file input_27.pdb (PDB, C-alpha atoms)
ATOM      1  CA  MET A 216      -5.219   9.802  -8.192
ATOM      2  CA  THR A 217      -2.002  11.698  -7.583
ATOM      3  CA  THR A 218      -0.813  13.932  -4.781
ATOM      4  CA  SER A 219      -0.347  17.679  -5.110
ATOM      5  CA  PRO A 220       2.886  18.730  -6.849
ATOM      6  CA  TYR A 221       5.867  19.394  -4.620
ATOM      7  CA  ALA A 222       9.471  20.471  -5.117
ATOM      8  CA  SER A 223      11.574  17.513  -6.210
ATOM      9  CA  ASP A 224      15.153  17.089  -5.087
ATOM     10  CA  ALA A 225      17.912  16.527  -7.626
ATOM     11  CA  LEU A 226      18.863  12.927  -8.209
ATOM     12  CA  ALA A 227      22.063  12.117  -6.346
ATOM     13  CA  LYS A 228      25.246  11.561  -8.355
ATOM     14  CA  GLY A 229      27.339   8.492  -7.775
ATOM     15  CA  ALA A 230      26.282   5.444  -5.783
ATOM     16  CA  VAL A 231      24.088   5.948  -2.724
ATOM     17  CA  ASP A 232      23.602   3.614   0.191
ATOM     18  CA  ALA A 233      19.939   3.020  -0.548
ATOM     19  CA  VAL A 234      17.230   3.839  -3.035
ATOM     20  CA  VAL A 235      13.676   3.619  -1.721
ATOM     21  CA  ILE A 236      11.144   3.010  -4.478
ATOM     22  CA  GLY A 237       7.848   4.432  -3.247
ATOM     23  CA  GLY A 238       7.104   7.580  -1.284
ATOM     24  CA  GLY A 239       4.244   6.457   0.942
ATOM     25  CA  ALA A 240       4.269   5.697   4.663
ATOM     26  CA  ALA A 241       6.473   2.603   4.354
ATOM     27  CA  GLY A 242       8.981   4.178   2.000
ATOM     28  CA  LEU A 243       9.292   7.466   3.851
ATOM     29  CA  ASN A 244       9.649   5.826   7.255
ATOM     30  CA  GLY A 245      12.289   3.457   5.913
ATOM     31  CA  ALA A 246      14.125   6.416   4.424
ATOM     32  CA  LEU A 247      13.829   8.318   7.701
ATOM     33  CA  ILE A 248      15.516   5.508   9.637
ATOM     34  CA  LEU A 249      18.304   5.296   7.054
ATOM     35  CA  ALA A 250      18.850   9.054   6.880
ATOM     36  CA  ARG A 251      19.020   9.295  10.669
ATOM     37  CA  SER A 252      21.681   6.568  10.507
ATOM     38  CA  ARG A 253      23.737   8.881   8.273
ATOM     39  CA  ARG A 254      23.082   6.765   5.202
ATOM     40  CA  SER A 255      22.785   8.427   1.810
ATOM     41  CA  VAL A 256      19.224   7.645   0.754
ATOM     42  CA  VAL A 257      17.035   8.673  -2.167
ATOM     43  CA  VAL A 258      13.267   8.155  -2.272
ATOM     44  CA  ILE A 259      11.728   7.826  -5.733
ATOM     45  CA  ASP A 260       8.085   8.893  -5.466
ATOM     46  CA  SER A 261       5.597   8.559  -8.330
ATOM     47  CA  GLY A 262       3.088  10.692  -6.430
ATOM     48  CA  SER A 263       0.176   8.249  -6.672
ATOM     49  CA  PRO A 264      -0.496   6.814  -3.194
ATOM     50  CA  ARG A 265      -3.302   4.319  -2.737
ATOM     51  CA  ASN A 266      -5.123   6.491  -0.199
ATOM     52  CA  ALA A 267      -5.114   9.647  -2.333
ATOM     53  CA  PRO A 268      -8.947   9.683  -2.653
ATOM     54  CA  ALA A 269      -9.441   9.499   1.128
ATOM     55  CA  GLU A 270     -10.178  12.624   3.131
ATOM     56  CA  ALA A 271      -8.289  11.486   6.223
ATOM     57  CA  VAL A 272      -6.214   8.700   7.721
ATOM     58  CA  HIS A 273      -7.864   6.923  10.650
ATOM     59  CA  GLY A 274      -6.789   4.427  13.275
ATOM     60  CA  LEU A 275      -3.327   5.980  13.546
ATOM     61  CA  ILE A 276      -2.589   7.184  17.059
ATOM     62  CA  ALA A 277      -1.838  10.923  17.353
ATOM     63  CA  LEU A 278      -2.516  11.420  13.632
ATOM     64  CA  ASP A 279      -6.104  10.159  13.416
ATOM     65  CA  GLY A 280      -8.088  12.416  11.093
ATOM     66  CA  THR A 281      -5.039  13.846   9.322
ATOM     67  CA  PRO A 282      -5.396  14.166   5.528
ATOM     68  CA  PRO A 283      -3.076  11.750   3.678
ATOM     69  CA  PRO A 284      -1.313  14.540   1.724
ATOM     70  CA  GLU A 285      -0.399  16.258   5.000
ATOM     71  CA  ILE A 286       1.168  13.093   6.416
ATOM     72  CA  LEU A 287       3.214  12.667   3.245
ATOM     73  CA  ARG A 288       4.246  16.339   3.264
ATOM     74  CA  ARG A 289       5.521  16.039   6.828
ATOM     75  CA  GLY A 290       7.243  12.758   5.995
ATOM     76  CA  ARG A 291       9.120  14.255   3.059
ATOM     77  CA  GLU A 292      10.219  17.217   5.170
ATOM     78  CA  GLN A 293      11.499  14.943   7.926
ATOM     79  CA  VAL A 294      13.470  12.723   5.545
ATOM     80  CA  ARG A 295      15.070  15.836   4.052
ATOM     81  CA  GLN A 296      15.834  17.189   7.522
ATOM     82  CA  TYR A 297      18.387  14.396   7.949
ATOM     83  CA  GLY A 298      19.923  14.691   4.506
ATOM     84  CA  GLY A 299      17.712  12.282   2.570
ATOM     85  CA  ARG A 300      16.415  13.186  -0.878
ATOM     86  CA  VAL A 301      12.895  12.814  -2.261
ATOM     87  CA  VAL A 302      12.717  12.728  -6.044
ATOM     88  CA  HIS A 303       9.482  12.846  -8.003
ATOM     89  CA  GLY A 304       9.656  10.221 -10.724
ATOM     90  CA  GLU A 305       8.451   6.883 -11.982
ATOM     91  CA  VAL A 306      10.734   3.859 -11.911
ATOM     92  CA  VAL A 307      10.656   1.904 -15.173
ATOM     93  CA  SER A 308      13.417  -0.562 -14.347
ATOM     94  CA  ALA A 309      15.474  -1.748 -11.403
ATOM     95  CA  GLU A 310      18.104  -4.440 -11.734
ATOM     96  CA  SER A 311      21.388  -5.744 -10.444
ATOM     97  CA  ALA A 312      24.524  -4.004 -11.714
ATOM     98  CA  ALA A 313      28.191  -4.905 -11.779
ATOM     99  CA  PRO A 314      29.603  -5.111  -8.236
ATOM    100  CA  SER A 315      31.858  -2.439  -6.824
ATOM    101  CA  ALA A 316      35.650  -2.794  -6.785
ATOM    102  CA  ASP A 317      35.477  -4.467  -3.376
ATOM    103  CA  GLY A 318      32.746  -6.852  -4.532
ATOM    104  CA  GLY A 319      29.848  -4.972  -2.936
ATOM    105  CA  LEU A 320      26.311  -5.243  -4.287
ATOM    106  CA  ARG A 321      25.156  -2.624  -6.756
ATOM    107  CA  PHE A 322      21.790  -1.908  -8.370
ATOM    108  CA  THR A 323      20.747   0.439 -11.153
ATOM    109  CA  VAL A 324      17.387   2.205 -10.986
ATOM    110  CA  THR A 325      16.129   3.933 -14.131
ATOM    111  CA  LEU A 326      13.364   6.547 -14.239
ATOM    112  CA  ALA A 327      10.846   7.183 -17.003
ATOM    113  CA  ASP A 328      12.695  10.327 -18.087
ATOM    114  CA  GLY A 329      15.932   8.392 -18.571
ATOM    115  CA  ARG A 330      17.706   9.409 -15.365
ATOM    116  CA  ARG A 331      19.580   6.680 -13.534
ATOM    117  CA  ILE A 332      20.905   6.142 -10.061
ATOM    118  CA  THR A 333      23.142   3.464  -8.558
ATOM    119  CA  ALA A 334      22.459   2.062  -5.094
ATOM    120  CA  ARG A 335      24.041  -0.418  -2.727
ATOM    121  CA  ARG A 336      20.651  -1.550  -1.436
ATOM    122  CA  ILE A 337      16.995  -1.175  -2.487
ATOM    123  CA  LEU A 338      13.812  -0.894  -0.465
ATOM    124  CA  VAL A 339      10.663  -1.524  -2.503
ATOM    125  CA  ALA A 340       7.628   0.228  -1.019
ATOM    126  CA  THR A 341       5.465   0.789  -4.087
ATOM    127  CA  GLY A 342       2.177  -0.151  -2.427
ATOM    128  CA  LEU A 343      -0.769  -1.731  -4.199
ATOM    129  CA  THR A 344      -3.692  -1.084  -6.514
ATOM    130  CA  ASP A 345      -7.313  -1.840  -5.601
ATOM    131  CA  VAL A 346      -8.977  -3.705  -8.479
ATOM    132  CA  LEU A 347     -12.687  -2.854  -8.282
ATOM    133  CA  PRO A 348     -15.567  -4.855  -9.760
ATOM    134  CA  GLN A 349     -16.581  -3.591 -13.193
ATOM    135  CA  VAL A 350     -19.849  -1.994 -12.087
ATOM    136  CA  PRO A 351     -20.714   1.330 -13.779
ATOM    137  CA  GLY A 352     -20.576   4.243 -11.349
ATOM    138  CA  LEU A 353     -18.671   2.375  -8.645
ATOM    139  CA  ALA A 354     -15.187   3.806  -9.163
ATOM    140  CA  GLU A 355     -16.436   7.405  -9.078
ATOM    141  CA  HIS A 356     -17.290   7.062  -5.386
ATOM    142  CA  TRP A 357     -14.141   5.131  -4.394
ATOM    143  CA  GLY A 358     -12.680   6.375  -1.125
ATOM    144  CA  HIS A 359     -15.833   8.245  -0.145
ATOM    145  CA  SER A 360     -19.157   6.375  -0.355
ATOM    146  CA  VAL A 361     -17.505   3.224  -1.715
ATOM    147  CA  VAL A 362     -15.136   1.942   0.971
ATOM    148  CA  HIS A 363     -13.079  -1.154   1.660
ATOM    149  CA  CYS A 364     -11.845  -1.071   5.254
ATOM    150  CA  PRO A 365     -14.047  -0.959   8.373
ATOM    151  CA  TYR A 366     -11.122   0.331  10.397
ATOM    152  CA  CYS A 367     -10.176   3.085   7.934
ATOM    153  CA  HIS A 368     -13.692   4.350   7.166
ATOM    154  CA  GLY A 369     -16.102   2.517   9.461
ATOM    155  CA  TRP A 370     -16.759   5.207  12.051
ATOM    156  CA  GLU A 371     -17.442   7.751   9.312
ATOM    157  CA  VAL A 372     -20.198   5.578   7.750
ATOM    158  CA  ARG A 373     -21.718   4.271  10.978
ATOM    159  CA  ASP A 374     -25.527   3.961  11.097
ATOM    160  CA  GLU A 375     -25.812   4.508   7.331
ATOM    161  CA  PRO A 376     -27.655   2.042   5.066
ATOM    162  CA  ILE A 377     -24.643   0.018   3.884
ATOM    163  CA  GLY A 378     -24.422  -2.527   1.108
ATOM    164  CA  ILE A 379     -21.759  -5.213   0.814
ATOM    165  CA  LEU A 380     -20.971  -5.789  -2.865
ATOM    166  CA  ALA A 381     -19.529  -9.282  -2.704
ATOM    167  CA  THR A 382     -16.402 -10.184  -4.637
ATOM    168  CA  GLY A 383     -15.882 -13.670  -3.198
ATOM    169  CA  PRO A 384     -15.569 -15.570   0.108
ATOM    170  CA  VAL A 385     -13.605 -12.701   1.713
ATOM    171  CA  SER A 386     -16.761 -10.582   1.576
ATOM    172  CA  ILE A 387     -18.487 -12.826   4.122
ATOM    173  CA  ASP A 388     -16.150 -11.698   6.910
ATOM    174  CA  HIS A 389     -16.451  -8.170   5.516
ATOM    175  CA  ALA A 390     -20.178  -8.320   6.214
ATOM    176  CA  TYR A 391     -19.731  -9.275   9.863
ATOM    177  CA  LEU A 392     -17.335  -6.364  10.412
ATOM    178  CA  PHE A 393     -19.620  -3.798   8.808
ATOM    179  CA  ARG A 394     -22.619  -5.202  10.719
ATOM    180  CA  GLN A 395     -20.872  -3.901  13.823
ATOM    181  CA  LEU A 396     -21.248  -0.401  12.391
ATOM    182  CA  THR A 397     -24.864  -0.394  11.223
ATOM    183  CA  GLU A 398     -28.129  -2.246  11.734
ATOM    184  CA  ASP A 399     -29.117  -1.637   8.100
ATOM    185  CA  LEU A 400     -26.855  -3.936   6.092
ATOM    186  CA  THR A 401     -27.594  -5.629   2.769
ATOM    187  CA  TYR A 402     -25.359  -8.276   1.197
ATOM    188  CA  PHE A 403     -25.377  -8.365  -2.604
ATOM    189  CA  THR A 404     -23.989 -11.753  -3.651
ATOM    190  CA  HIS A 405     -23.397 -10.379  -7.181
ATOM    191  CA  GLY A 406     -22.768 -13.800  -8.693
ATOM    192  CA  THR A 407     -20.642 -15.168  -5.852
ATOM    193  CA  ASP A 408     -21.481 -18.238  -3.800
ATOM    194  CA  LEU A 409     -23.001 -17.912  -0.340
ATOM    195  CA  ASP A 410     -23.400 -21.180   1.545
ATOM    196  CA  GLU A 411     -26.423 -22.011   3.664
ATOM    197  CA  ASP A 412     -24.540 -21.730   6.938
ATOM    198  CA  SER A 413     -23.493 -18.155   6.081
ATOM    199  CA  ARG A 414     -27.050 -17.338   5.042
ATOM    200  CA  ALA A 415     -28.312 -18.574   8.399
ATOM    201  CA  ARG A 416     -25.713 -16.573  10.254
ATOM    202  CA  PHE A 417     -26.554 -13.471   8.233
ATOM    203  CA  ALA A 418     -30.250 -13.946   9.031
ATOM    204  CA  ALA A 419     -29.426 -14.214  12.733
ATOM    205  CA  ARG A 420     -27.681 -10.822  12.542
ATOM    206  CA  GLY A 421     -30.397  -9.198  10.477
ATOM    207  CA  ILE A 422     -28.305  -8.970   7.303
ATOM    208  CA  ARG A 423     -30.490  -8.956   4.196
ATOM    209  CA  VAL A 424     -29.243 -11.036   1.241
ATOM    210  CA  ILE A 425     -29.978 -10.159  -2.389
ATOM    211  CA  ASP A 426     -28.903 -12.627  -5.094
ATOM    212  CA  THR A 427     -29.962 -10.608  -8.142
ATOM    213  CA  PRO A 428     -26.821  -9.185  -9.793
ATOM    214  CA  VAL A 429     -25.995  -5.489  -9.471
ATOM    215  CA  THR A 430     -25.808  -3.686 -12.824
ATOM    216  CA  GLU A 431     -24.924  -0.116 -11.810
ATOM    217  CA  VAL A 432     -24.519   2.367  -8.988
ATOM    218  CA  VAL A 433     -27.251   4.984  -8.834
ATOM    219  CA  ASP A 434     -26.668   8.613  -7.788
ATOM    220  CA  ASP A 435     -29.108  11.192  -6.490
ATOM    221  CA  GLU A 436     -29.607  14.596  -8.106
ATOM    222  CA  ASP A 437     -26.638  15.987  -6.188
ATOM    223  CA  GLY A 438     -24.291  13.238  -7.392
ATOM    224  CA  ALA A 439     -24.192  11.384  -4.066
ATOM    225  CA  LEU A 440     -24.500   7.612  -3.961
ATOM    226  CA  ALA A 441     -28.169   6.719  -3.621
ATOM    227  CA  GLY A 442     -28.245   2.969  -4.220
ATOM    228  CA  VAL A 443     -27.712   0.199  -6.734
ATOM    229  CA  ARG A 444     -29.770  -0.988  -9.670
ATOM    230  CA  LEU A 445     -30.301  -4.715 -10.025
ATOM    231  CA  ALA A 446     -30.552  -6.791 -13.178
ATOM    232  CA  ASP A 447     -34.342  -6.900 -12.801
ATOM    233  CA  GLY A 448     -34.521  -3.080 -12.773
ATOM    234  CA  GLN A 449     -35.167  -2.719  -9.057
ATOM    235  CA  VAL A 450     -33.224   0.020  -7.249
ATOM    236  CA  VAL A 451     -32.093  -0.771  -3.704
ATOM    237  CA  ALA A 452     -31.421   2.374  -1.700
ATOM    238  CA  ARG A 453     -27.961   2.481  -0.070
ATOM    239  CA  ARG A 454     -25.792   5.390   1.031
ATOM    240  CA  VAL A 455     -22.557   3.384   1.294
ATOM    241  CA  LEU A 456     -21.112   0.360  -0.478
ATOM    242  CA  ALA A 457     -18.331  -1.754   1.015
ATOM    243  CA  VAL A 458     -16.205  -3.689  -1.463
ATOM    244  CA  ALA A 459     -13.434  -6.160  -0.698
ATOM    245  CA  ALA A 460     -11.478  -5.275  -3.831
ATOM    246  CA  GLN A 461      -8.779  -7.538  -5.200
ATOM    247  CA  LEU A 462      -5.403  -6.181  -4.081
ATOM    248  CA  GLN A 463      -2.530  -6.178  -6.546
ATOM    249  CA  ALA A 464       0.990  -5.172  -5.529
ATOM    250  CA  ARG A 465       2.525  -2.545  -7.804
ATOM    251  CA  THR A 466       5.264  -4.518  -9.501
ATOM    252  CA  GLN A 467       5.601  -2.617 -12.784
ATOM    253  CA  GLY A 468       9.206  -1.761 -13.597
ATOM    254  CA  LEU A 469      10.561  -4.073 -10.901
ATOM    255  CA  GLU A 470      10.653  -7.283 -12.921
ATOM    256  CA  GLY A 471      14.431  -7.044 -13.313
ATOM    257  CA  LEU A 472      14.935  -7.580  -9.595
ATOM    258  CA  GLY A 473      13.477 -11.084  -9.795
ATOM    259  CA  LEU A 474      11.474 -10.759  -6.600
ATOM    260  CA  PRO A 475       9.239 -13.753  -5.805
ATOM    261  CA  VAL A 476       5.489 -13.080  -5.718
ATOM    262  CA  GLN A 477       2.757 -14.839  -3.784
ATOM    263  CA  ASP A 478      -0.918 -15.341  -4.646
ATOM    264  CA  LEU A 479      -3.214 -14.896  -1.663
ATOM    265  CA  PRO A 480      -7.023 -14.997  -1.222
ATOM    266  CA  LYS A 481      -7.126 -11.187  -1.258
ATOM    267  CA  GLY A 482      -4.677 -10.652  -4.117
ATOM    268  CA  ARG A 483      -1.018 -10.788  -5.126
ATOM    269  CA  SER A 484       2.031  -9.405  -3.338
ATOM    270  CA  PHE A 485       5.793  -9.749  -3.074
ATOM    271  CA  ALA A 486       6.889 -12.468  -0.669
ATOM    272  CA  SER A 487       9.022 -11.366   2.269
ATOM    273  CA  GLY A 488      10.616 -12.535   5.473
ATOM    274  CA  THR A 489      11.593 -10.888   8.740
ATOM    275  CA  ALA A 490      12.006  -7.106   8.504
ATOM    276  CA  GLY A 491      11.068  -7.164   4.815
ATOM    277  CA  THR A 492      13.947  -9.316   3.633
ATOM    278  CA  THR A 493      13.546 -11.095   0.303
ATOM    279  CA  GLU A 494      15.226 -13.971  -1.516
ATOM    280  CA  VAL A 495      17.139 -11.387  -3.548
ATOM    281  CA  PRO A 496      20.264 -10.236  -1.665
ATOM    282  CA  GLY A 497      20.273  -6.478  -1.196
ATOM    283  CA  VAL A 498      16.539  -5.972  -1.766
ATOM    284  CA  TRP A 499      13.894  -5.410   0.909
ATOM    285  CA  VAL A 500      10.135  -4.845   0.638
ATOM    286  CA  ALA A 501       7.777  -3.049   3.032
ATOM    287  CA  GLY A 502       4.180  -1.914   3.308
ATOM    288  CA  ASN A 503       1.240  -2.919   1.132
ATOM    289  CA  VAL A 504       3.497  -4.267  -1.611
ATOM    290  CA  THR A 505       4.067  -7.278   0.658
ATOM    291  CA  ASP A 506       1.378  -6.924   3.365
ATOM    292  CA  LEU A 507      -1.881  -6.376   1.484
ATOM    293  CA  VAL A 508      -3.993  -5.465   4.515
ATOM    294  CA  ALA A 509      -1.565  -3.173   6.361
ATOM    295  CA  GLN A 510      -2.953   0.221   7.314
ATOM    296  CA  VAL A 511      -0.807   3.363   7.328
ATOM    297  CA  GLY A 512       0.601   2.747  10.813
ATOM    298  CA  ALA A 513       1.553  -0.860  10.087
ATOM    299  CA  SER A 514       3.107   0.130   6.763
ATOM    300  CA  ALA A 515       5.174   2.857   8.421
ATOM    301  CA  ALA A 516       6.333   0.402  11.089
ATOM    302  CA  ALA A 517       7.314  -2.127   8.431
ATOM    303  CA  GLY A 518       9.307   0.556   6.636
ATOM    304  CA  ALA A 519      11.141   1.374   9.852
ATOM    305  CA  LEU A 520      12.040  -2.289  10.431
ATOM    306  CA  ALA A 521      13.284  -2.659   6.872
ATOM    307  CA  GLY A 522      15.307   0.553   7.077
ATOM    308  CA  ALA A 523      16.971  -0.598  10.285
ATOM    309  CA  ASP A 524      17.797  -3.989   8.772
ATOM    310  CA  ILE A 525      19.246  -2.369   5.663
ATOM    311  CA  ASN A 526      21.451  -0.169   7.856
ATOM    312  CA  ARG A 527      22.554  -3.242   9.850
ATOM    313  CA  MET A 528      23.543  -5.117   6.725
ATOM    314  CA  LEU A 529      25.340  -2.094   5.316
ATOM    315  CA  ALA A 530      27.308  -1.783   8.555
ATOM    316  CA  ILE A 531      28.424  -5.398   8.198
ATOM    317  CA  ALA A 532      29.348  -4.826   4.549
ATOM    318  CA  ASP A 533      31.327  -1.697   5.490
ATOM    319  CA  THR A 534      33.283  -3.680   8.067
ATOM    320  CA  ASP A 535      33.948  -6.520   5.642
ATOM    321  CA  ALA A 536      35.235  -4.032   3.070
ATOM    322  CA  ALA A 537      37.484  -2.374   5.653
ATOM    323  CA  LEU A 538      39.006  -5.711   6.622
ATOM    324  CA  GLN A 539      39.528  -6.608   2.990
ATOM    325  CA  GLY A 540      41.240  -3.277   2.386
ATOM    326  CA  ILE A 541      43.625  -3.871   5.285
ATOM    327  CA  ALA A 542      44.429  -7.375   4.035
ATOM    328  CA  GLU A 543      45.144  -6.142   0.530
ATOM    329  CA  ALA A 544      47.351  -3.316   1.820
ATOM    330  CA  SER A 545      49.429  -5.564   4.082
ATOM    331  CA  PRO A 546      52.673  -7.061   2.668
ATOM    332  CA  GLN A 547      52.199 -10.730   1.851
ATOM    333  CA  GLY A 548      53.201 -12.946   4.710
ATOM    334  CA  VAL A 549      53.491 -10.127   7.254
ATOM    335  CA  THR A 550      51.215 -10.462  10.272
ATOM    336  CA  GLY A 551      50.577  -8.451  13.379
TER     337      GLY A 551
END
call {"tool": "encode", "arguments": {"input": "input_27.pdb", "output": "structure tokens"}}
result
Amino acid sequence: MTTSPYASDALAKGAVDAVVIGGGAAGLNGALILARSRRSVVVIDSGSPRNAPAEAVHGLIALDGTPPPEILRRGREQVRQYGGRVVHGEVVSAESAAPSADGGLRFTVTLADGRRITARRILVATGLTDVLPQVPGLAEHWGHSVVHCPYCHGWEVRDEPIGILATGPVSIDHAYLFRQLTEDLTYFTHGTDLDEDSRARFAARGIRVIDTPVTEVVDDEDGALAGVRLADGQVVARRVLAVAAQLQARTQGLEGLGLPVQDLPKGRSFASGTAGTTEVPGVWVAGNVTDLVAQVGASAAAGALAGADINRMLAIADTDAALQGIAEASPQGVTG
């Protein structure tokens, strides 16, 4: 899903201090920190945030219950308030470019429509994609009656008949968390293994286990989720399904940067260090593209840390360039 259209800024001419790839919470907060530090910054936003299907953001102090598009709208306005630009576009390539005259790092970012921009530093905040099980009817309810996070959606589905559609070992912990929210919980193993110890623990908590595979999601006459159909034809009534989807960082178009990736139990992401640093000089990552389980608040905080670190490193580079300029301008052998 995509966000509502909004006015796009013009792409800056000449080299900018930083290009932020991704206009979600991490990208916008990183851009905000940079813009407030009087850095020239451009956010490239494809307009397809992960939480677009959700009705509201939860678990975020002072903004709990705010629709995701409203948070993004405010974020774009605030970045622009300090001179930053937000450009609607899709990045198809990002790669190192020839250094500047003083040897400074340079990167070229190319958009799908052919436009290009040069940057001294890059912050990647492209987020992730939830890869759902291939069960007919499941994706249509994603973000509403099919949920993934007990902290993002749990309160809203409390006391409902909930089903856990297992995707692997991570779903076992998922079940315990959703059991906190309802007494009517069914665990569909759906072809995954469930050891005897987990079965005993589920039984102790009153969690029903069904081993027959799920073949489709069933709706009621109004189109609401009503349950799941099993391979034997039985329909198990459920109003909510919780799915620990595989999480895949959005890496398309970024291959030219050579960022290292890491495979984790819950999916694949870019590897990062303190404040979003990477093994590639001049490139930072923040948000779900590197932290697969970060909620909106954590992603925004990570963007802020990365933005501050980018500004710090730019300040050092500016000072190095100034010293080099003085040395080159001084007559050879003259000191003082």
call {"tool": "residues_around", "arguments": {"input": "input_27.pdb", "residues": "A:Val257", "least_positions_apart": "5", "cutoff": "12 Å", "atoms": "only C-alpha atoms", "output": "PyMOL selection string"}}
result
chain A and resi 223-238+242-243+245-247+249-250+291+294-295+297-304+324+331-338
call {"tool": "residues_around", "arguments": {"input": "input_27.pdb", "residues": "stretch 404-416 of chain A", "least_positions_apart": "5", "cutoff": "8 Å", "atoms": "all atoms listed in the file", "output": "ChimeraX atom specification"}}
result
/A:380-384,387,424-429
call {"tool": "residues_around", "arguments": {"input": "input_27.pdb", "residues": "A:Val504", "least_positions_apart": "5", "cutoff": "12 Å", "atoms": "all atoms listed in the file", "output": "PDB file with C-alpha atoms, in the frame of the given file"}}
result
ATOM      1  CA  ILE A 236      11.144   3.010  -4.478  1.00  0.00           C
ATOM      2  CA  GLY A 237       7.848   4.432  -3.247  1.00  0.00           C
ATOM      3  CA  GLY A 239       4.244   6.457   0.942  1.00  0.00           C
ATOM      4  CA  ALA A 240       4.269   5.697   4.663  1.00  0.00           C
ATOM      5  CA  ALA A 241       6.473   2.603   4.354  1.00  0.00           C
ATOM      6  CA  GLY A 242       8.981   4.178   2.000  1.00  0.00           C
ATOM      7  CA  PRO A 264      -0.496   6.814  -3.194  1.00  0.00           C
ATOM      8  CA  ARG A 265      -3.302   4.319  -2.737  1.00  0.00           C
ATOM      9  CA  LEU A 338      13.812  -0.894  -0.465  1.00  0.00           C
ATOM     10  CA  VAL A 339      10.663  -1.524  -2.503  1.00  0.00           C
ATOM     11  CA  ALA A 340       7.628   0.228  -1.019  1.00  0.00           C
ATOM     12  CA  THR A 341       5.465   0.789  -4.087  1.00  0.00           C
ATOM     13  CA  GLY A 342       2.177  -0.151  -2.427  1.00  0.00           C
ATOM     14  CA  LEU A 343      -0.769  -1.731  -4.199  1.00  0.00           C
ATOM     15  CA  THR A 344      -3.692  -1.084  -6.514  1.00  0.00           C
ATOM     16  CA  ASP A 345      -7.313  -1.840  -5.601  1.00  0.00           C
ATOM     17  CA  LEU A 462      -5.403  -6.181  -4.081  1.00  0.00           C
ATOM     18  CA  GLN A 463      -2.530  -6.178  -6.546  1.00  0.00           C
ATOM     19  CA  ALA A 464       0.990  -5.172  -5.529  1.00  0.00           C
ATOM     20  CA  ARG A 465       2.525  -2.545  -7.804  1.00  0.00           C
ATOM     21  CA  THR A 466       5.264  -4.518  -9.501  1.00  0.00           C
ATOM     22  CA  GLN A 467       5.601  -2.617 -12.784  1.00  0.00           C
ATOM     23  CA  LEU A 469      10.561  -4.073 -10.901  1.00  0.00           C
ATOM     24  CA  LEU A 474      11.474 -10.759  -6.600  1.00  0.00           C
ATOM     25  CA  PRO A 475       9.239 -13.753  -5.805  1.00  0.00           C
ATOM     26  CA  VAL A 476       5.489 -13.080  -5.718  1.00  0.00           C
ATOM     27  CA  GLN A 477       2.757 -14.839  -3.784  1.00  0.00           C
ATOM     28  CA  GLY A 482      -4.677 -10.652  -4.117  1.00  0.00           C
ATOM     29  CA  ARG A 483      -1.018 -10.788  -5.126  1.00  0.00           C
ATOM     30  CA  SER A 484       2.031  -9.405  -3.338  1.00  0.00           C
ATOM     31  CA  PHE A 485       5.793  -9.749  -3.074  1.00  0.00           C
ATOM     32  CA  ALA A 486       6.889 -12.468  -0.669  1.00  0.00           C
ATOM     33  CA  SER A 487       9.022 -11.366   2.269  1.00  0.00           C
ATOM     34  CA  GLY A 491      11.068  -7.164   4.815  1.00  0.00           C
ATOM     35  CA  TRP A 499      13.894  -5.410   0.909  1.00  0.00           C
ATOM     36  CA  ALA A 509      -1.565  -3.173   6.361  1.00  0.00           C
ATOM     37  CA  GLN A 510      -2.953   0.221   7.314  1.00  0.00           C
ATOM     38  CA  SER A 514       3.107   0.130   6.763  1.00  0.00           C
ATOM     39  CA  ALA A 517       7.314  -2.127   8.431  1.00  0.00           C
ATOM     40  CA  GLY A 518       9.307   0.556   6.636  1.00  0.00           C
TER      41      GLY A 518
END
call {"tool": "resolve_selection", "arguments": {"input": "input_27.pdb", "expression": "the PyMOL selection byres ((chain A and resi 359-363) around 7)", "output": "compact mmCIF listing (two decimals) with C-alpha atoms, in the frame of the given file"}}
result
# COMPACT_ATOMS: atom_id res chain seq x y z
CA ALA A 269 -9.44 9.50 1.13
CA HIS A 356 -17.29 7.06 -5.39
CA TRP A 357 -14.14 5.13 -4.39
CA GLY A 358 -12.68 6.38 -1.12
CA CYS A 364 -11.84 -1.07 5.25
CA PRO A 365 -14.05 -0.96 8.37
CA HIS A 368 -13.69 4.35 7.17
CA LEU A 440 -24.50 7.61 -3.96
CA ARG A 454 -25.79 5.39 1.03
CA VAL A 455 -22.56 3.38 1.29
CA LEU A 456 -21.11 0.36 -0.48
CA ALA A 457 -18.33 -1.75 1.01
CA VAL A 458 -16.20 -3.69 -1.46
CA ALA A 459 -13.43 -6.16 -0.70
call {"tool": "residues_around", "arguments": {"input": "input_27.pdb", "residues": "A:Gly319", "least_positions_apart": "6", "cutoff": "12 Å", "atoms": "all atoms listed in the file", "output": "list in words"}}
result
Ala230, Asp232, Ser311, Ala312, Ala313, Ala334, Arg335, Arg336, Pro496, Gly497, Met528, Leu529, Ile531, Ala532, Asp533, Thr534, Asp535, Ala536, Ala537 and Gln539 of chain A
call {"tool": "atom_distance", "arguments": {"input": "input_27.pdb", "atom1": "atom CA of A:Ala460", "atom2": "atom CA of A:Val495"}}
result
29.3 Å
call {"tool": "closest_residue", "arguments": {"input": "input_27.pdb", "among": "A:Gln293, A:Val498, A:Gly421, A:Gly471", "to": "A:Leu320", "atoms": "all atoms listed in the file"}}
result
A:Val498
call {"tool": "residues_around", "arguments": {"input": "input_27.pdb", "residues": "A:Arg420", "least_positions_apart": "3", "cutoff": "10 Å", "atoms": "only C-alpha atoms", "output": "PyMOL selection string"}}
result
chain A and resi 391+394-395+398+400+414-417+423
call {"tool": "atom_distance", "arguments": {"input": "input_27.pdb", "atom1": "atom CA of A:Ala390", "atom2": "atom CA of A:Tyr402"}}
result
7.2 Å
